[in-house]
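Enquirer: Below you'll find the structure I mean.
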Amino acid sequence: MEKFLIFFILFCIISNGLCEDQKSSEAPWRIHTLFSVECGDYFDWQTVGLVHSFKKSKQPGKLTRLLSCTDEEKKTYKGMDLAPTFEVPSMSRHPKTGDWYPAINKPAGVLHWLEHSEDAKNVDWVVILDADQIIRGPVVPWELGAEKGKPVAELYGYLVGCDNILAKLHTKHPELCDKVGGLLAMHIDDIKALAPFWLSKTEEVREDRAHWPTNYTGDVYGLGWISEMYGYSFGAAEVGLRHKIYADLMIYPGYVPLPGVDPILFHYGLPFSVGNWSFTKFEHHQDAIVHDCNRLFPEPPYPREIVLLESDPNKRRGLFLSIECMNTINEALVLHHASCGCSKPNSSKYLSFLESKAFAFLSRPRYLTHGSAQKEKPVVHQNTFDKPAKPLPKIHTVFSTECTTYFDWQTVGFMHSFRLSGQPGNVTRLLSCTDEDLKKYVGHDLAPTHYVPSMSKHPLTGDWYPAINKPAAVLHWLNHANIDAEYIVILDTDMLLRGPITPWEFNAARGHPVSTPYDYLIGCNNELAQLHTSHPEACEKVGGVIIMHIDDLRKFALLWVHKTEEVRADKAHYSKVFTGDTYEGGWISEMYGYSFAAAELNLRHVINKEIMIYPGYAPQPNVKYRVFHYGLKFTVGSWSFDKAKWRDVDLVNQCWAKFPEPPNPSTLDSTNVDILSRDQLSIECGRTLNEALRLHHIRRKCLDPAIKAPPTNEEIIKEVTFSRKLDERHNAVSDDTPGKGQESTLPIVTGPNPIFSSFTFQMMVLWAFLVLGFLVIVSMVLSGRKGEETKSKGSHHKNKE
């Protein structure tokens, strides 16, 4: 018995040492995934999709739905068994203020779970997701680099309140404010410290109505809908959490993924389309599809159709991701209906596809692997702790407009493209208006705005020249705004961004702005330059897109205004032979004002032909243009677009107003590659403008003719709350039509399941060996004891005799 105890103690010591060794070599595996919903059909179908993807992706740990319902709602609610559920009190209508704000249920639900759930006492890491997400692969905090005190999150670059007075008002540590959301992975100790502040800061920001406008929050609605997001960021700053921020773990279906990146999370909060098929979660607010046997969402195109639809490999990959998201949701509905006892659905081509090995392969789990392209390209531009690299300079984008509906629809298009492009930093509309114009102007909420006095009619000369508002507005903004950016990107309103425009990519530097060529500015080569600058040899024919260091711009802006006035006053040289202006009316004086002012300061431009293109022009092969400038008329067959024809049409305030739809790309002639590429870009530009207007009308609560009843206030609020979560980093997908005969590009497996690592396998073998050894020792001890008992009995009999 004594030997048994000794071996048992030795076994425990060895076992404990191995456990400690395992803990020191591996992060804890106890993970709990949370998502917050309310009682209703809208969240039920999202829940079914998320729960299915949780299982399919092999996400480790438990999943819990935080269900916020009133007692009245629970009486009729049918979806209680859709997921492992923890009920939390509804705070949609605040118990003290009466404010209707359902988004507050997320922090309130997390806090209630921490305080009242037994699961919260037995977990090391927490992953927090939104209901409108699909998991593609395990979201393992330590695999993503999360540490205690350093959660992992996705970049939400539009949360500009982290950079201005909003953060200073609502946290003692504004310098710690991170623009993050969407995916949150953190240690349990961190979420315990954060949760009370997340809730209280959400209430605080929600009540701060004076700072709801777009200028403070970046929220184009200006109605406090994203208060919960700021509640998170300010709460995290308050407790000193510094995030590791990624911009490639999550993707919105419809976006083009970064090259080499395979996202592990879909967030379908925004409309997306593939060819003529489209999906918008907003259209399914009152859809009981979960409870209607064998009903699915409209099927998207099949993979082979995408091969014919798109020739660009990376855009094609984006389309594959879009259909994977939709097919996964429909697969979830099929399995859910079967589990509810629905009769077997009629066989169909689409059901066969969902059950096929091909779809199983396309939607197999994705795994993060160290050293992959994805792991090498985390974001990012703020609070990076892994290496002491020099931070990238801050950028601020500005564009100049006036108080008219003509500029308003252009602003809607510009802002839509800005959000999709991935352009870093803040954006500001420089709005030039007279006092009289401002009294009747209604487009204040279309963009973050800096108001400037109108110079359309010159205050001294009386000259009517609206183009001077551009340099005058830039000068006014520099003198009156608090700007902490190092580089300023200056664009025109009639532009659409297709990708980011950054100083580090295009080699901007102090003294060396970046711009695009305006070859028609022949005045740089003749006496016009000699008359208006002391350095005509430095005059460069540039314009359109400008990236300039803030120090250069501060010296330059006033001179830009003066040179514009000077050239405008030089009526003797309006002639085409001097200016290249076919109208000969001095309309391009502002452009020469720019070139002559830059020459005066000897600013030498980095001139790049691959940043901007005019729709209607044939693109250079393999060039990924970042900007459309639709200032000129362009056509595709019998369809055409000329912005000047829409000068007096109010497209912004008339529900569902839009431009004539461009042709379907499938109708294009593919015999001439140059013409095909040109027309594809033209169609993309026209479609982007119409999509921007469509989303604008949805935000304005225009009633969709296809919907019989208007959405309720609660539905609108939830749509705004969740769909506003932009990740603003990728190009939008265009429905370009490729050439024939392209092969399918299937997603690539990024690595093996990390759970079954070689270390884990070795530990399992070692444990098996120890257990076997322990059993052998116990057997030997017991055998020895039995032998001793037998021997003792024999001796006893001998003594008796």
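Convention: chains lettered A, B, ... in structure tokens order; per-chain residue numbering from 1; ligands numbered from 1 as shown.
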If you take only C-alpha atoms and a cut-off of 9 Å, which residues of region 312-354 of chain A touch region 132-136 of chain A, and what are their nearest atom pairs and distances in Å to one decimal, in chain and number order, as JSON lines?

Expert:
```
{"residue": "A:Cys325", "atom": "CA", "partner": "A:Ile134", "partner_atom": "CA", "distance": 7.0}
{"residue": "A:Thr328", "atom": "CA", "partner": "A:Ile134", "partner_atom": "CA", "distance": 8.0}
{"residue": "A:Ile329", "atom": "CA", "partner": "A:Ile134", "partner_atom": "CA", "distance": 8.1}
```

Enquirer: Running DSSP on the backbone, which parts of region 217-265 of chain A land in alpha helix (DSSP H), as a ChimeraX atom specification?

Expert: /A:217,227-238

Enquirer: Restrict the selected residues to N, CA, C and O atoms and save them as a tab-separated table (two decimals), in the first residue's frame.

Expert:
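Saved the output as out_11.tsv:
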```tsv
chain	number	residue	atom	x	y	z
A	217	THR	N	-18.98	62.39	-35.35
A	217	THR	CA	-19.05	60.93	-35.24
A	217	THR	C	-18.59	60.20	-36.50
A	217	THR	O	-18.16	59.05	-36.42
A	227	SER	N	-23.81	55.02	-31.40
A	227	SER	CA	-23.37	55.31	-30.02
A	227	SER	C	-22.77	54.08	-29.34
A	227	SER	O	-21.81	54.19	-28.58
A	228	GLU	N	-23.34	52.90	-29.61
A	228	GLU	CA	-22.83	51.67	-28.98
A	228	GLU	C	-21.39	51.40	-29.40
A	228	GLU	O	-20.57	50.93	-28.60
A	229	MET	N	-21.06	51.70	-30.66
A	229	MET	CA	-19.69	51.48	-31.14
A	229	MET	C	-18.72	52.41	-30.41
A	229	MET	O	-17.62	52.01	-30.01
A	230	TYR	N	-19.14	53.66	-30.26
A	230	TYR	CA	-18.30	54.59	-29.51
A	230	TYR	C	-18.27	54.21	-28.03
A	230	TYR	O	-17.25	54.39	-27.36
A	231	GLY	N	-19.37	53.68	-27.52
A	231	GLY	CA	-19.37	53.20	-26.14
A	231	GLY	C	-18.29	52.15	-25.93
A	231	GLY	O	-17.59	52.15	-24.91
A	232	TYR	N	-18.14	51.26	-26.93
A	232	TYR	CA	-17.08	50.26	-26.84
A	232	TYR	C	-15.70	50.90	-26.87
A	232	TYR	O	-14.85	50.63	-26.00
A	233	SER	N	-15.45	51.75	-27.88
A	233	SER	CA	-14.12	52.34	-28.04
A	233	SER	C	-13.73	53.20	-26.84
A	233	SER	O	-12.60	53.14	-26.35
A	234	PHE	N	-14.69	54.02	-26.36
A	234	PHE	CA	-14.39	54.88	-25.21
A	234	PHE	C	-14.23	54.05	-23.93
A	234	PHE	O	-13.38	54.35	-23.09
A	235	GLY	N	-15.05	53.01	-23.78
A	235	GLY	CA	-14.93	52.14	-22.61
A	235	GLY	C	-13.58	51.43	-22.59
A	235	GLY	O	-12.94	51.31	-21.54
A	236	ALA	N	-13.15	50.94	-23.76
A	236	ALA	CA	-11.85	50.26	-23.85
A	236	ALA	C	-10.71	51.22	-23.53
A	236	ALA	O	-9.74	50.85	-22.85
A	237	ALA	N	-10.83	52.46	-24.01
A	237	ALA	CA	-9.80	53.47	-23.71
A	237	ALA	C	-9.77	53.76	-22.21
A	237	ALA	O	-8.70	53.93	-21.62
A	238	GLU	N	-10.95	53.77	-21.61
A	238	GLU	CA	-11.05	54.11	-20.19
A	238	GLU	C	-10.32	53.08	-19.32
A	238	GLU	O	-9.73	53.44	-18.29
```

Enquirer: Between A:Asn672, A:Thr428, A:Thr502, A:Gln654, which is the closest to Val160 (chain A) once you count only C-alpha atoms?

Expert: A:Thr428

Enquirer: Between A:Asp219, A:Asp41, A:Asp292, A:Glu590, single out the one closest to Met415 (chain A), counting only C-alpha atoms.

Expert: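 Using only C-alpha atoms, Met415 (chain A) sits closest to A:Asp219.
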
Enquirer: Measuring atom to atom with only C-alpha atoms, identify which of A:His337, A:Asp650, A:Ala210, A:Asn276 is nearest to Leu309 (chain A).

Expert: A:Asn276

Enquirer: Kindly indicate which residue among A:Ile323, A:Ser670, A:Ala338, A:Gly98 lies nearest to Phe359 (chain A), using only C-alpha atoms for the distances.

Expert: A:Ile323

Enquirer: If DSSP is run on the backbone, what residues of region 34-158 of chain A are strand (DSSP E)? A reply as a count of residues only would be ideal.

Expert: 30

Enquirer: Compile the contact shell of Glu565 (chain A) as a list in words: residues with an atom at most 10 Å away, counting only C-alpha atoms, same-chain residues fewer than 4 positions apart removed.

Expert: His458, Thr461, Asp463, Tyr465, Ile468, Leu559, Trp560, Val561, Ala569, Asp570, Ser589, Glu590 and Gly593 of chain A

Enquirer: Could those selected residues go to a file with N, CA, C and O atoms, as a PDB file, in the first residue's frame?

Expert:
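New file again30.pdb:
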```pdb
ATOM      1  N   HIS A 458     -17.043  87.193 -56.792  1.00  0.00           N
ATOM      2  CA  HIS A 458     -15.873  87.715 -56.090  1.00  0.00           C
ATOM      3  C   HIS A 458     -16.239  88.955 -55.285  1.00  0.00           C
ATOM      4  O   HIS A 458     -16.868  89.889 -55.809  1.00  0.00           O
ATOM      5  N   THR A 461     -14.216  92.111 -57.080  1.00  0.00           N
ATOM      6  CA  THR A 461     -14.400  92.412 -58.508  1.00  0.00           C
ATOM      7  C   THR A 461     -15.817  92.151 -58.995  1.00  0.00           C
ATOM      8  O   THR A 461     -16.209  92.655 -60.051  1.00  0.00           O
ATOM      9  N   ASP A 463     -16.747  89.403 -60.126  1.00  0.00           N
ATOM     10  CA  ASP A 463     -16.622  88.378 -61.161  1.00  0.00           C
ATOM     11  C   ASP A 463     -17.317  87.093 -60.724  1.00  0.00           C
ATOM     12  O   ASP A 463     -17.120  86.622 -59.599  1.00  0.00           O
ATOM     13  N   TYR A 465     -17.348  83.420 -60.811  1.00  0.00           N
ATOM     14  CA  TYR A 465     -16.435  82.335 -61.158  1.00  0.00           C
ATOM     15  C   TYR A 465     -16.428  81.302 -60.026  1.00  0.00           C
ATOM     16  O   TYR A 465     -15.565  81.313 -59.146  1.00  0.00           O
ATOM     17  N   ILE A 468     -13.373  79.194 -58.262  1.00  0.00           N
ATOM     18  CA  ILE A 468     -12.419  79.718 -57.277  1.00  0.00           C
ATOM     19  C   ILE A 468     -12.760  79.223 -55.867  1.00  0.00           C
ATOM     20  O   ILE A 468     -11.926  79.306 -54.953  1.00  0.00           O
ATOM     21  N   LEU A 559      -1.404  81.276 -52.057  1.00  0.00           N
ATOM     22  CA  LEU A 559      -0.853  81.579 -53.382  1.00  0.00           C
ATOM     23  C   LEU A 559      -1.727  80.979 -54.479  1.00  0.00           C
ATOM     24  O   LEU A 559      -1.895  81.572 -55.562  1.00  0.00           O
ATOM     25  N   TRP A 560      -2.317  79.810 -54.222  1.00  0.00           N
ATOM     26  CA  TRP A 560      -3.241  79.171 -55.174  1.00  0.00           C
ATOM     27  C   TRP A 560      -4.438  80.095 -55.441  1.00  0.00           C
ATOM     28  O   TRP A 560      -4.829  80.290 -56.598  1.00  0.00           O
ATOM     29  N   VAL A 561      -4.985  80.700 -54.389  1.00  0.00           N
ATOM     30  CA  VAL A 561      -6.101  81.639 -54.560  1.00  0.00           C
ATOM     31  C   VAL A 561      -5.652  82.855 -55.354  1.00  0.00           C
ATOM     32  O   VAL A 561      -6.316  83.286 -56.312  1.00  0.00           O
ATOM     33  N   ALA A 569      -8.200  87.299 -64.060  1.00  0.00           N
ATOM     34  CA  ALA A 569      -8.253  88.722 -64.443  1.00  0.00           C
ATOM     35  C   ALA A 569      -7.540  89.004 -65.762  1.00  0.00           C
ATOM     36  O   ALA A 569      -7.756  90.057 -66.375  1.00  0.00           O
ATOM     37  N   ASP A 570      -6.721  88.065 -66.201  1.00  0.00           N
ATOM     38  CA  ASP A 570      -5.937  88.253 -67.429  1.00  0.00           C
ATOM     39  C   ASP A 570      -6.763  87.853 -68.650  1.00  0.00           C
ATOM     40  O   ASP A 570      -6.489  86.866 -69.327  1.00  0.00           O
ATOM     41  N   SER A 589      -9.097  78.818 -65.173  1.00  0.00           N
ATOM     42  CA  SER A 589      -8.145  79.684 -64.460  1.00  0.00           C
ATOM     43  C   SER A 589      -7.687  79.056 -63.146  1.00  0.00           C
ATOM     44  O   SER A 589      -6.525  79.198 -62.743  1.00  0.00           O
ATOM     45  N   GLU A 590      -8.595  78.370 -62.443  1.00  0.00           N
ATOM     46  CA  GLU A 590      -8.234  77.749 -61.162  1.00  0.00           C
ATOM     47  C   GLU A 590      -7.164  76.678 -61.358  1.00  0.00           C
ATOM     48  O   GLU A 590      -6.267  76.525 -60.516  1.00  0.00           O
ATOM     49  N   GLY A 593      -4.073  78.467 -61.809  1.00  0.00           N
ATOM     50  CA  GLY A 593      -3.718  79.013 -60.504  1.00  0.00           C
ATOM     51  C   GLY A 593      -2.955  77.992 -59.681  1.00  0.00           C
ATOM     52  O   GLY A 593      -1.975  78.323 -59.006  1.00  0.00           O
TER      53      GLY A 593
END
```

Enquirer: Please identify all polymer residues within 10 Å of region 187-202 of chain A, counting only C-alpha atoms, omitting same-chain residues fewer than 5 positions from it, and present them as a PyMOL selection string.

Expert: chain A and resi 31-32+103-112+114-115+120-127+141-142+146-152+170-171+207-208+226-241
